[in-house]
>>> print(open('start.txt').read())   # compact mmCIF, C-alpha atoms
# COMPACT_ATOMS: atom_id res chain seq x y z
CA MET K 23 86.01 -13.89 65.96
CA ILE K 24 85.31 -10.17 65.87
CA ILE K 25 82.71 -9.80 63.11
CA PRO K 26 80.31 -12.53 64.40
CA LEU K 27 80.71 -11.22 67.97
CA PHE K 28 79.96 -7.68 66.84
CA ILE K 29 76.80 -8.83 65.05
CA GLU K 30 75.76 -10.99 68.01
CA CYS K 31 76.24 -8.24 70.60
CA PHE K 32 74.34 -5.82 68.41
CA LEU K 33 71.44 -8.26 68.10
CA VAL K 34 71.41 -9.12 71.82
CA LEU K 35 71.17 -5.46 72.73
CA LEU K 36 68.61 -4.94 70.00
CA VAL K 37 66.21 -7.09 72.06
CA GLY K 38 66.11 -4.42 74.76
CA MET K 39 65.88 -1.62 72.22
CA VAL K 40 62.99 -3.30 70.38
CA ASP K 41 61.20 -3.88 73.70
CA THR K 42 61.50 -0.21 74.65
CA PHE K 43 60.58 1.02 71.16
CA MET K 44 57.48 -1.14 70.83
CA VAL K 45 56.31 -0.66 74.39
CA SER K 46 56.47 3.10 73.79
CA TYR K 47 53.22 2.60 71.87
CA ALA K 48 51.66 1.53 75.19
CA GLY K 49 52.56 4.88 76.82
CA GLU K 50 55.37 6.49 78.81
CA THR K 51 54.41 4.68 82.04
CA ALA K 52 55.06 1.36 80.30
CA VAL K 53 58.43 2.61 78.98
CA SER K 54 59.44 3.73 82.47
CA GLY K 55 58.40 0.37 83.98
CA VAL K 56 60.37 -1.66 81.45
CA SER K 57 63.49 0.53 81.74
CA LEU K 58 63.49 0.45 85.56
CA VAL K 59 63.16 -3.34 85.68
CA ASN K 60 65.80 -3.78 82.99
CA SER K 61 68.20 -1.89 85.26
CA LEU K 62 67.41 -4.36 88.04
CA ASN K 63 67.55 -7.39 85.74
CA THR K 64 70.98 -6.29 84.55
CA VAL K 65 72.33 -6.84 88.07
CA PHE K 66 71.31 -10.50 87.98
CA ILE K 67 72.19 -11.04 84.34
CA ASN K 68 75.71 -9.77 84.99
CA LEU K 69 76.11 -12.33 87.77
CA PHE K 70 75.47 -15.04 85.17
CA GLN K 71 77.92 -13.37 82.83
CA ALA K 72 80.55 -13.10 85.57
CA LEU K 73 80.22 -16.81 86.27
CA ALA K 74 80.41 -17.62 82.55
CA SER K 75 83.44 -15.35 82.21
CA GLY K 76 85.21 -17.28 84.96
CA GLY K 77 84.48 -20.49 83.09
CA ALA K 78 85.65 -18.96 79.79
CA VAL K 79 89.03 -18.00 81.27
CA VAL K 80 89.60 -21.48 82.71
CA VAL K 81 88.45 -23.29 79.55
CA SER K 82 90.54 -20.95 77.33
CA GLN K 83 93.66 -21.60 79.38
CA TYR K 84 93.14 -25.38 79.26
CA ILE K 85 92.76 -25.13 75.47
CA GLY K 86 95.98 -23.11 75.30
CA LYS K 87 97.67 -25.77 77.43
CA GLY K 88 96.35 -28.52 75.15
CA ASP K 89 94.34 -30.33 77.88
CA ARG K 90 90.97 -30.94 76.21
CA ASP K 91 89.69 -33.36 78.86
CA LYS K 92 90.09 -30.79 81.62
CA GLY K 93 88.55 -28.16 79.37
CA SER K 94 85.50 -30.37 78.81
CA GLU K 95 85.20 -31.11 82.51
CA ALA K 96 85.44 -27.39 83.35
CA SER K 97 82.73 -26.53 80.83
CA SER K 98 80.43 -29.22 82.28
CA GLN K 99 80.96 -27.95 85.81
CA LEU K 100 80.18 -24.43 84.60
CA LEU K 101 76.85 -25.59 83.16
CA MET K 102 75.95 -27.43 86.37
CA PHE K 103 76.68 -24.56 88.73
CA SER K 104 75.17 -21.89 86.45
CA THR K 105 71.89 -23.80 86.34
CA LEU K 106 71.70 -24.31 90.12
CA PHE K 107 72.63 -20.72 90.89
CA SER K 108 70.10 -19.25 88.44
CA LEU K 109 67.26 -21.42 89.77
CA LEU K 110 67.91 -20.22 93.32
CA LEU K 111 68.10 -16.61 92.16
CA MET K 112 64.87 -16.94 90.19
CA ALA K 113 63.04 -18.33 93.22
CA GLY K 114 64.31 -15.48 95.41
CA VAL K 115 63.25 -12.76 92.98
CA LEU K 116 59.82 -14.29 92.41
CA ALA K 117 59.27 -14.47 96.17
CA GLY K 118 60.52 -10.98 97.02
CA GLY K 119 60.12 -9.03 93.79
CA ARG K 120 57.29 -6.69 94.79
CA PRO K 121 58.84 -5.61 98.12
CA MET K 122 62.18 -5.12 96.36
CA LEU K 123 60.57 -2.87 93.76
CA ASN K 124 58.82 -0.87 96.49
CA VAL K 125 62.15 -0.25 98.22
CA LEU K 126 63.96 0.74 95.04
CA TYR K 127 61.25 2.57 93.12
CA GLY K 128 58.61 3.43 95.72
CA ALA K 129 58.53 7.05 94.53
CA VAL K 130 57.25 6.24 91.03
CA GLU K 131 53.65 6.66 89.96
CA PRO K 132 51.31 3.69 90.70
CA ALA K 133 50.87 2.93 86.98
CA VAL K 134 54.65 2.74 86.52
CA MET K 135 54.94 0.39 89.53
CA ASP K 136 52.26 -1.90 88.07
CA ALA K 137 54.24 -2.09 84.82
CA CYS K 138 57.40 -2.87 86.80
CA VAL K 139 55.76 -5.77 88.64
CA ILE K 140 54.40 -7.38 85.47
CA TYR K 141 57.66 -7.08 83.53
CA LEU K 142 59.80 -8.32 86.43
CA TRP K 143 57.64 -11.38 87.14
CA ILE K 144 57.65 -12.58 83.53
CA THR K 145 61.30 -11.89 82.71
CA THR K 146 62.47 -13.50 85.97
CA LEU K 147 61.25 -16.83 84.59
CA SER K 148 63.98 -16.55 81.94
CA TYR K 149 66.89 -16.38 84.42
CA PRO K 150 67.85 -20.09 84.26
CA PHE K 151 67.77 -20.03 80.46
CA MET K 152 69.95 -16.93 80.34
CA ALA K 153 72.47 -18.58 82.67
CA ILE K 154 72.54 -21.74 80.55
CA TYR K 155 73.00 -19.68 77.37
CA ASN K 156 75.82 -17.63 78.89
CA ALA K 157 77.59 -20.82 79.99
CA GLY K 158 77.29 -22.35 76.53
CA SER K 159 78.30 -19.21 74.66
CA SER K 160 81.40 -18.80 76.86
CA VAL K 161 82.45 -22.37 76.03
CA LEU K 162 82.06 -21.81 72.28
CA ARG K 163 83.89 -18.47 72.43
CA SER K 164 86.75 -20.09 74.32
CA MET K 165 87.27 -22.21 71.20
CA GLY K 166 87.02 -19.12 68.98
CA ARG K 167 83.68 -20.30 67.59
CA THR K 168 81.52 -17.20 67.42
CA LYS K 169 79.46 -17.88 64.29
CA GLU K 170 77.17 -20.31 66.13
CA THR K 171 76.28 -17.79 68.84
CA MET K 172 75.70 -15.16 66.16
CA TYR K 173 73.22 -17.37 64.28
CA ILE K 174 71.41 -18.21 67.53
CA SER K 175 71.08 -14.50 68.33
CA ILE K 176 69.70 -13.77 64.86
CA LEU K 177 66.97 -16.39 65.27
CA ALA K 178 66.24 -15.30 68.86
CA ASN K 179 65.79 -11.70 67.72
CA ILE K 180 63.38 -12.76 65.01
CA ILE K 181 61.35 -14.62 67.64
CA ASN K 182 61.41 -11.58 69.90
CA LEU K 183 60.49 -9.14 67.15
CA VAL K 184 57.55 -11.19 65.89
CA GLY K 185 56.40 -11.81 69.46
CA ASN K 186 56.57 -8.11 70.31
CA TYR K 187 54.48 -7.22 67.28
CA ILE K 188 51.84 -9.78 68.23
CA GLY K 189 51.87 -8.81 71.91
CA ILE K 190 51.66 -5.03 71.39
CA PHE K 191 49.69 -4.49 68.18
CA ILE K 192 47.49 -7.59 67.95
CA MET K 193 46.89 -8.69 71.55
CA HIS K 194 47.32 -5.17 73.04
CA ALA K 195 48.99 -6.80 76.06
CA GLY K 196 51.14 -3.79 76.98
CA VAL K 197 54.19 -4.61 79.10
CA ALA K 198 53.37 -8.33 79.10
CA GLY K 199 53.33 -8.21 75.30
CA VAL K 200 57.08 -7.51 75.23
CA ALA K 201 58.03 -9.51 78.33
CA TRP K 202 56.81 -12.91 77.12
CA PRO K 203 58.56 -12.81 73.70
CA THR K 204 61.82 -11.88 75.44
CA THR K 205 61.47 -14.86 77.79
CA ILE K 206 60.56 -17.25 74.96
CA SER K 207 63.54 -16.10 72.86
CA ARG K 208 65.88 -16.77 75.81
CA ILE K 209 64.47 -20.29 76.22
CA PHE K 210 65.19 -20.90 72.54
CA GLN K 211 68.79 -19.68 72.93
CA ALA K 212 69.44 -21.94 75.91
CA VAL K 213 68.10 -25.08 74.25
CA VAL K 214 69.98 -24.62 70.97
CA ILE K 215 73.36 -23.70 72.45
CA THR K 216 73.23 -26.63 74.89
CA ILE K 217 72.64 -29.03 72.00
CA ILE K 218 75.67 -27.59 70.17
CA CYS K 219 77.90 -27.88 73.26
CA TRP K 220 77.08 -31.61 73.60
CA HIS K 221 78.75 -32.48 70.28
CA LYS K 222 81.81 -34.65 70.96
CA GLU K 223 83.67 -33.37 67.89
CA ASN K 224 84.05 -29.99 69.64
CA GLU K 225 87.47 -29.14 71.00
CA VAL K 226 85.79 -29.12 74.42
CA HIS K 227 82.24 -30.29 75.07
CA TYR K 228 79.73 -31.11 77.81
CA VAL K 229 80.16 -34.52 79.47
CA LEU K 230 77.10 -35.96 81.24
CA LYS K 231 78.91 -37.53 84.18
CA ASN K 232 80.83 -34.29 84.82
CA ILE K 233 77.58 -32.33 84.99
CA PHE K 234 76.26 -34.49 87.84
CA GLU K 235 79.39 -34.34 90.00
CA TRP K 236 80.95 -31.67 92.17
CA ASN K 237 84.62 -31.06 91.30
CA GLY K 238 85.77 -28.68 94.00
CA ASP K 239 89.18 -28.10 92.44
CA LEU K 240 87.82 -27.06 89.06
CA LEU K 241 85.03 -25.00 90.56
CA LYS K 242 87.58 -23.21 92.74
CA LYS K 243 89.54 -22.22 89.62
CA ILE K 244 86.34 -20.90 88.04
CA PHE K 245 85.30 -19.11 91.25
CA ASN K 246 88.75 -17.49 91.56
CA ILE K 247 87.88 -15.58 88.40
CA ALA K 248 84.10 -15.47 88.69
CA VAL K 249 83.76 -14.30 92.32
CA PRO K 250 85.89 -11.13 92.08
CA ASN K 251 84.34 -10.45 88.67
CA GLY K 252 80.88 -11.10 90.13
CA VAL K 253 81.51 -8.82 93.12
CA GLU K 254 82.75 -6.12 90.75
CA ASN K 255 79.73 -6.47 88.47
CA ALA K 256 77.28 -6.74 91.36
CA ILE K 257 78.49 -3.53 93.01
CA PHE K 258 78.69 -1.78 89.64
CA ASN K 259 75.11 -2.74 88.78
CA MET K 260 73.82 -2.09 92.30
CA VAL K 261 75.19 1.42 91.87
CA LYS K 262 73.30 1.61 88.56
CA VAL K 263 70.09 0.46 90.23
CA ALA K 264 70.57 2.98 93.03
CA LEU K 265 71.04 5.67 90.40
CA SER K 266 67.95 4.52 88.50
CA SER K 267 65.97 5.09 91.69
CA VAL K 268 67.48 8.59 91.80
CA VAL K 269 66.45 9.12 88.17
CA ALA K 270 62.92 7.93 89.01
CA GLY K 271 62.66 10.95 91.31
CA PHE K 272 63.26 13.37 88.42
CA GLY K 273 59.80 12.72 86.98
CA THR K 274 58.35 10.62 84.18
CA VAL K 275 59.88 12.69 81.33
CA GLN K 276 63.48 12.29 82.50
CA THR K 277 62.89 8.68 83.61
CA THR K 278 61.54 7.87 80.14
CA ALA K 279 64.45 9.68 78.45
CA HIS K 280 66.96 7.81 80.59
CA GLY K 281 65.28 4.49 79.80
CA VAL K 282 65.32 5.11 76.05
CA ALA K 283 68.90 6.42 76.19
CA GLN K 284 70.02 3.28 78.03
CA THR K 285 68.91 1.10 75.13
CA ILE K 286 70.79 3.33 72.67
CA TRP K 287 73.85 3.38 74.97
CA GLY K 288 73.81 -0.39 74.86
CA ILE K 289 73.97 -0.34 71.07
CA SER K 290 76.74 2.29 71.21
CA ASN K 291 78.78 0.02 73.46
CA VAL K 292 78.57 -2.94 71.05
CA SER K 293 82.06 -2.25 69.70
CA SER K 294 83.75 -2.64 73.07
CA GLN K 295 81.40 -5.33 74.33
CA ALA K 296 82.07 -7.49 71.27
CA MET K 297 85.82 -7.20 71.80
CA GLY K 298 85.67 -8.33 75.45
CA PRO K 299 85.34 -12.08 74.65
CA VAL K 300 88.12 -11.72 72.04
CA PHE K 301 90.47 -10.46 74.75
CA VAL K 302 89.43 -13.34 77.04
CA THR K 303 89.99 -16.03 74.40
CA VAL K 304 93.25 -14.70 72.93
CA ILE K 305 94.91 -13.64 76.20
CA GLY K 306 93.58 -16.71 78.04
CA GLN K 307 94.99 -19.14 75.47
CA TYR K 308 98.38 -17.43 75.37
CA MET K 309 98.63 -17.36 79.17
CA GLY K 310 97.56 -21.03 79.35
CA ALA K 311 100.39 -21.87 76.95
CA GLY K 312 102.85 -19.76 79.00
CA GLU K 313 103.39 -17.30 76.11
CA THR K 314 103.39 -14.02 78.11
CA GLY K 315 105.30 -12.13 75.42
CA LYS K 316 102.72 -12.99 72.78
CA ALA K 317 99.97 -12.11 75.25
CA GLU K 318 101.43 -8.61 75.75
CA HIS K 319 101.75 -8.09 71.99
CA ALA K 320 98.13 -9.20 71.56
CA PHE K 321 96.99 -6.76 74.28
CA TRP K 322 98.31 -3.71 72.44
CA LYS K 323 97.23 -4.91 69.01
CA LEU K 324 93.68 -5.60 70.22
CA LEU K 325 93.51 -2.25 72.05
CA LYS K 326 94.40 -0.33 68.89
CA LEU K 327 91.80 -2.24 66.89
CA THR K 328 89.12 -1.84 69.58
CA THR K 329 89.68 1.93 69.82
CA LEU K 330 89.45 2.38 66.05
CA ILE K 331 86.22 0.38 65.82
CA SER K 332 84.80 2.19 68.87
CA ILE K 333 85.43 5.67 67.45
CA LEU K 334 83.80 4.83 64.10
CA TRP K 335 80.80 3.04 65.66
CA ASN K 336 80.04 5.72 68.24
CA ALA K 337 80.21 8.43 65.58
CA VAL K 338 77.54 6.54 63.66
CA MET K 339 75.36 6.28 66.77
CA ILE K 340 75.65 10.00 67.63
CA PHE K 341 74.44 11.04 64.17
CA SER K 342 71.75 8.30 64.10
CA THR K 343 70.07 9.18 67.40
CA PRO K 344 68.06 12.23 66.19
CA PHE K 345 66.76 10.09 63.32
CA LEU K 346 65.80 7.25 65.71
CA MET K 347 63.84 9.67 67.87
CA ASN K 348 61.38 10.22 65.04
CA TYR K 349 60.08 6.70 65.63
CA TYR K 350 59.67 6.81 69.42
CA GLN K 351 56.22 7.64 70.80
CA ILE K 352 57.54 9.86 73.62
CA SER K 353 57.28 13.59 74.32
CA ALA K 354 59.41 16.17 72.49
CA GLN K 355 61.10 17.13 75.76
CA ALA K 356 62.07 13.51 76.45
CA LYS K 357 63.52 13.24 72.93
CA GLN K 358 65.70 16.32 73.51
CA TYR K 359 67.08 14.78 76.70
CA VAL K 360 67.83 11.53 74.87
CA ILE K 361 69.76 13.24 72.05
CA LEU K 362 71.90 15.23 74.51
CA ILE K 363 72.81 12.45 76.93
CA VAL K 364 73.49 9.97 74.12
CA ALA K 365 75.97 12.46 72.61
CA ILE K 366 77.77 12.88 75.98
CA HIS K 367 77.85 9.12 76.51
CA ASP K 368 79.11 8.22 73.03
CA VAL K 369 81.98 10.72 72.90
CA PHE K 370 83.50 9.27 76.07
CA ASN K 371 82.52 5.73 75.13
CA ALA K 372 84.51 6.02 71.89
CA PHE K 373 87.80 6.98 73.54
CA PHE K 374 87.73 5.52 77.06
CA MET K 375 85.58 2.39 77.04
CA PRO K 376 88.18 0.26 75.15
CA PHE K 377 90.63 0.88 78.01
CA SER K 378 87.98 0.26 80.66
CA GLY K 379 85.94 -2.72 79.44
CA PRO K 380 87.91 -4.91 76.98
CA LEU K 381 91.28 -4.19 78.62
CA GLY K 382 89.79 -5.17 81.98
CA ASN K 383 88.56 -8.44 80.42
CA GLY K 384 92.05 -9.15 79.16
CA LEU K 385 93.62 -8.57 82.58
CA ARG K 386 91.05 -10.93 84.13
CA ALA K 387 91.85 -13.55 81.48
CA ALA K 388 95.46 -13.33 82.62
CA GLY K 389 94.32 -13.96 86.22
CA ASP K 390 94.69 -10.35 87.47
CA VAL K 391 91.14 -10.31 88.86
CA ARG K 392 91.54 -8.81 92.33
CA PHE K 393 93.24 -5.70 90.98
CA THR K 394 90.50 -5.07 88.41
CA MET K 395 87.82 -5.75 91.03
CA ILE K 396 89.22 -3.23 93.54
CA TRP K 397 89.65 -0.41 91.05
CA ALA K 398 86.31 -1.07 89.38
CA ILE K 399 84.61 -0.68 92.76
CA VAL K 400 86.56 2.52 93.47
CA ALA K 401 85.56 3.95 90.08
CA SER K 402 81.91 2.94 90.46
CA VAL K 403 81.42 4.21 94.00
CA GLY K 404 83.95 7.06 94.10
CA GLY K 405 83.28 8.23 90.57
CA ARG K 406 79.84 7.29 89.32
CA LEU K 407 77.85 7.23 92.58
CA ALA K 408 79.46 10.21 94.33
CA LEU K 409 79.42 12.45 91.26
CA THR K 410 75.78 11.58 90.54
CA TYR K 411 74.66 12.96 93.89
CA ILE K 412 76.91 16.00 93.46
CA LEU K 413 75.94 16.84 89.88
CA ALA K 414 72.45 15.40 89.43
CA CYS K 415 71.07 16.22 92.87
CA GLY K 416 73.35 18.89 94.33
CA PHE K 417 73.63 21.00 91.18
CA GLY K 418 70.19 20.01 89.84
CA MET K 419 71.54 18.66 86.53
CA GLY K 420 69.19 15.66 86.51
CA VAL K 421 69.88 12.92 83.95
CA ILE K 422 72.63 15.04 82.38
CA GLY K 423 74.53 14.91 85.68
CA VAL K 424 73.93 11.15 85.90
CA THR K 425 75.45 10.72 82.43
CA ILE K 426 78.54 12.81 83.21
CA ALA K 427 79.09 10.82 86.41
CA MET K 428 78.80 7.57 84.45
CA VAL K 429 81.50 8.42 81.92
CA SER K 430 83.87 9.50 84.72
CA ASP K 431 83.81 5.85 85.86
CA TRP K 432 85.31 4.76 82.51
CA VAL K 433 87.97 7.47 82.56
CA ILE K 434 89.21 6.35 86.00
CA ARG K 435 89.26 2.66 85.07
CA GLY K 436 90.88 3.26 81.69
CA ILE K 437 93.79 5.19 83.17
CA ILE K 438 94.40 2.68 85.98
CA TYR K 439 94.15 -0.41 83.74
CA THR K 440 96.54 1.05 81.17
CA VAL K 441 99.13 1.73 83.86
CA ARG K 442 98.68 -1.87 85.09
CA LEU K 443 99.19 -3.27 81.59
CA LYS K 444 102.42 -1.29 81.12
CA GLY K 445 103.68 -2.39 84.56
CA GLY K 446 103.59 -6.08 83.58
CA ILE K 447 102.60 -7.49 87.00
CA TRP K 448 99.72 -9.32 85.31
CA LYS K 449 102.27 -11.64 83.66
CA THR K 450 103.01 -13.28 87.01
CA LYS K 451 99.40 -14.37 87.69
CA LYS K 452 98.30 -18.04 87.49
CA VAL K 453 94.86 -19.53 86.81
CA ILE K 454 95.52 -23.24 86.15
>>> encode(input="start.txt", output="structure tokens")
Amino acid sequence: MIIPLFIECFLVLLVGMVDTFMVSYAGETAVSGVSLVNSLNTVFINLFQALASGGAVVVSQYIGKGDRDKGSEASSQLLMFSTLFSLLLMAGVLAGGRPMLNVLYGAVEPAVMDACVIYLWITTLSYPFMAIYNAGSSVLRSMGRTKETMYISILANIINLVGNYIGIFIMHAGVAGVAWPTTISRIFQAVVITIICWHKENEVHYVLKNIFEWNGDLLKKIFNIAVPNGVENAIFNMVKVALSSVVAGFGTVQTTAHGVAQTIWGISNVSSQAMGPVFVTVIGQYMGAGETGKAEHAFWKLLKLTTLISILWNAVMIFSTPFLMNYYQISAQAKQYVILIVAIHDVFNAFFMPFSGPLGNGLRAAGDVRFTMIWAIVASVGGRLALTYILACGFGMGVIGVTIAMVSDWVIRGIIYTVRLKGGIWKTKKVI
């Protein structure tokens, strides 16, 4: 599972990096607009991922139990609800997007705000397709089938890359030139993965009649995982949006540096992000089968592997960042900020993210969702948010203070989750 997931996560995050890199040729105001909206979009995207994660846990446990019919029904219900939820969210953002941007980023320059509005409006149209893709990819990963999602991501990135080139360098469409290819690539992903999930030879698959019915019992099982996970992700990303509005007040240079660094941070986090679904599938299937001893053994084995991969990958990213900066059309001062805050991020990401992200996914797969939700909120608000205002604003450290506050979040979560794993209370939780 790991190698295809690693490649897929890298390619998915490469979409954002390519957008930021190519739009840099349209000027720093365009870069700032794209980065600010991507922070906002991440809040909504993570809601889709939280819902898909809830479905993945339930489907994985049914597979571990050997109940394929229930697994297929759960996957169909996940597709149905994900589609409805994303359509409602899309309508809300399209209706209230401009006022929302004014509230969050009213302090930015008018040109940056114009870029924000254009990028938000176009990418919001892709919400339903992202939700459908997340639902389908979670179903395939629950079966341990990660090659399909990897191939889809490769093709989607080719579409995005070609589209960006046409939009920026041929049509000179600026922000819109990167927004439309991103949306089109997400439509492609949704269509292809849905076709794959219909195949009846799959261990679990979509069933038409189950998509058009409301199974409250199954949805409750999915929501029991998805809602706490969604609340956790929503608060975490709302904190990130709040902090991006703080960053916007530091001026265009630091806002641009933070936006570029975020895309590189995403690539740096590929190692841990790729391992998250592995934890969900392996731990979920063992817990569904009632094999808590094997689940505990898998936890520690996967943690060791994740940490090793994370250290090696983040070392590569630290040494690659100065080279990458040669290709960004941003000021020398912005490049210096990027190199520094990427280095801070990646050192802590290498050693603490495996115990914060993937371990948290594993505990959720075991059904220990309320505990992870509570402590994630404490770490986000008490660590990241509070320290940002103390360091970035109070001590005038700017984006450097924001970065230090961010990594403190992972340290807090990593320590708490490791203690929880050793305590063994997670073994008593039930999902199905």
>>> closest_residue(input="start.txt", among="K:Ala408, K:Ala365, K:Leu324, K:Leu100", to="K:Ser160", atoms="only C-alpha atoms")
K:Leu100
>>> atom_distance(input="start.txt", atom1="atom CA of K:Ser332", atom2="atom CA of K:Ser294")
6.5 Å
>>> closest_atom_pairs(input="start.txt", of="stretch 240-344 of chain K", to="stretch 65-80 of chain K", cutoff="7 Å", atoms="all atoms listed in the file", output="Markdown table")
| residue | atom | partner | partner_atom | distance |
| --- | --- | --- | --- | --- |
| K:Lys243 | CA | K:Val80 | CA | 6.9 |
| K:Ile244 | CA | K:Gly76 | CA | 4.9 |
| K:Phe245 | CA | K:Gly76 | CA | 6.6 |
| K:Ile247 | CA | K:Gly76 | CA | 4.7 |
| K:Ala248 | CA | K:Gly76 | CA | 4.3 |
| K:Asn251 | CA | K:Ala72 | CA | 5.6 |
| K:Gly252 | CA | K:Ala72 | CA | 5.0 |
| K:Asn255 | CA | K:Asn68 | CA | 6.3 |
| K:Ala256 | CA | K:Val65 | CA | 5.9 |
| K:Asn259 | CA | K:Val65 | CA | 5.0 |
| K:Met260 | CA | K:Val65 | CA | 6.5 |
| K:Val302 | CA | K:Val79 | CA | 6.3 |
| K:Gly306 | CA | K:Val79 | CA | 5.7 |
>>> axis_aligned_box(input="start.txt", around="stretch 245-258 of chain K", padding_each_side="4 Å", output="JSON")
{"center_x": 83.0, "center_y": -10.4, "center_z": 90.8, "size_x": 19.5, "size_y": 25.3, "size_z": 12.7}
>>> atom_distance(input="start.txt", atom1="atom CA of K:Leu110", atom2="atom CA of K:Ala153")
11.7 Å
>>> atom_distance(input="start.txt", atom1="atom CA of K:Tyr127", atom2="atom CA of K:Gln276")
14.6 Å
>>> residues_around(input="start.txt", residues="K:Glu131", least_positions_apart="5", cutoff="10 Å", atoms="only C-alpha atoms", output="CSV table (one decimal) with C-alpha atoms, in the coordinates of the input")
chain,number,residue,atom,x,y,z
K,51,THR,CA,54.4,4.7,82.0
K,54,SER,CA,59.4,3.7,82.5
K,55,GLY,CA,58.4,0.4,84.0
K,136,ASP,CA,52.3,-1.9,88.1
K,270,ALA,CA,62.9,7.9,89.0
K,273,GLY,CA,59.8,12.7,87.0
K,274,THR,CA,58.4,10.6,84.2
>>> closest_residue(input="start.txt", among="K:Ala201, K:Ile190, K:Ile176, K:Ile181", to="K:Leu147", atoms="all atoms listed in the file")
K:Ala201
>>> residues_near_point(input="start.txt", point="(84.1, -17.3, 67.0)", cutoff="8 Å", atoms="only C-alpha atoms", output="ChimeraX atom specification")
/K:23-24,26-27,162-163,165-170
>>> closest_residue(input="start.txt", among="K:Thr425, K:Asn124, K:Thr146, K:Ser378", to="K:Leu362", atoms="all atoms listed in the file")
K:Thr425
>>> decode(input="start.txt", residues="stretch 320-340 of chain K", atoms="C-alpha atoms", output="mmCIF file, in the first residue's frame")
data_model
loop_
_atom_site.group_PDB
_atom_site.id
_atom_site.type_symbol
_atom_site.label_atom_id
_atom_site.label_comp_id
_atom_site.auth_asym_id
_atom_site.auth_seq_id
_atom_site.Cartn_x
_atom_site.Cartn_y
_atom_site.Cartn_z
ATOM 1 C CA ALA K 320 0.889 -3.189 13.755
ATOM 2 C CA PHE K 321 0.728 0.220 15.486
ATOM 3 C CA TRP K 322 4.335 0.068 16.682
ATOM 4 C CA LYS K 323 5.656 -1.475 13.483
ATOM 5 C CA LEU K 324 3.983 1.190 11.337
ATOM 6 C CA LEU K 325 5.174 3.994 13.645
ATOM 7 C CA LYS K 326 8.805 2.898 13.305
ATOM 8 C CA LEU K 327 8.489 2.705 9.530
ATOM 9 C CA THR K 328 6.697 6.069 9.298
ATOM 10 C CA THR K 329 9.341 7.827 11.410
ATOM 11 C CA LEU K 330 12.195 6.426 9.312
ATOM 12 C CA ILE K 331 10.558 7.474 6.044
ATOM 13 C CA SER K 332 9.678 10.890 7.498
ATOM 14 C CA ILE K 333 13.245 11.650 8.600
ATOM 15 C CA LEU K 334 14.724 10.722 5.217
ATOM 16 C CA TRP K 335 12.062 12.582 3.199
ATOM 17 C CA ASN K 336 12.198 15.796 5.223
ATOM 18 C CA ALA K 337 15.992 15.859 4.987
ATOM 19 C CA VAL K 338 15.639 15.770 1.211
ATOM 20 C CA MET K 339 13.124 18.635 1.297
ATOM 21 C CA ILE K 340 15.297 20.849 3.536
#
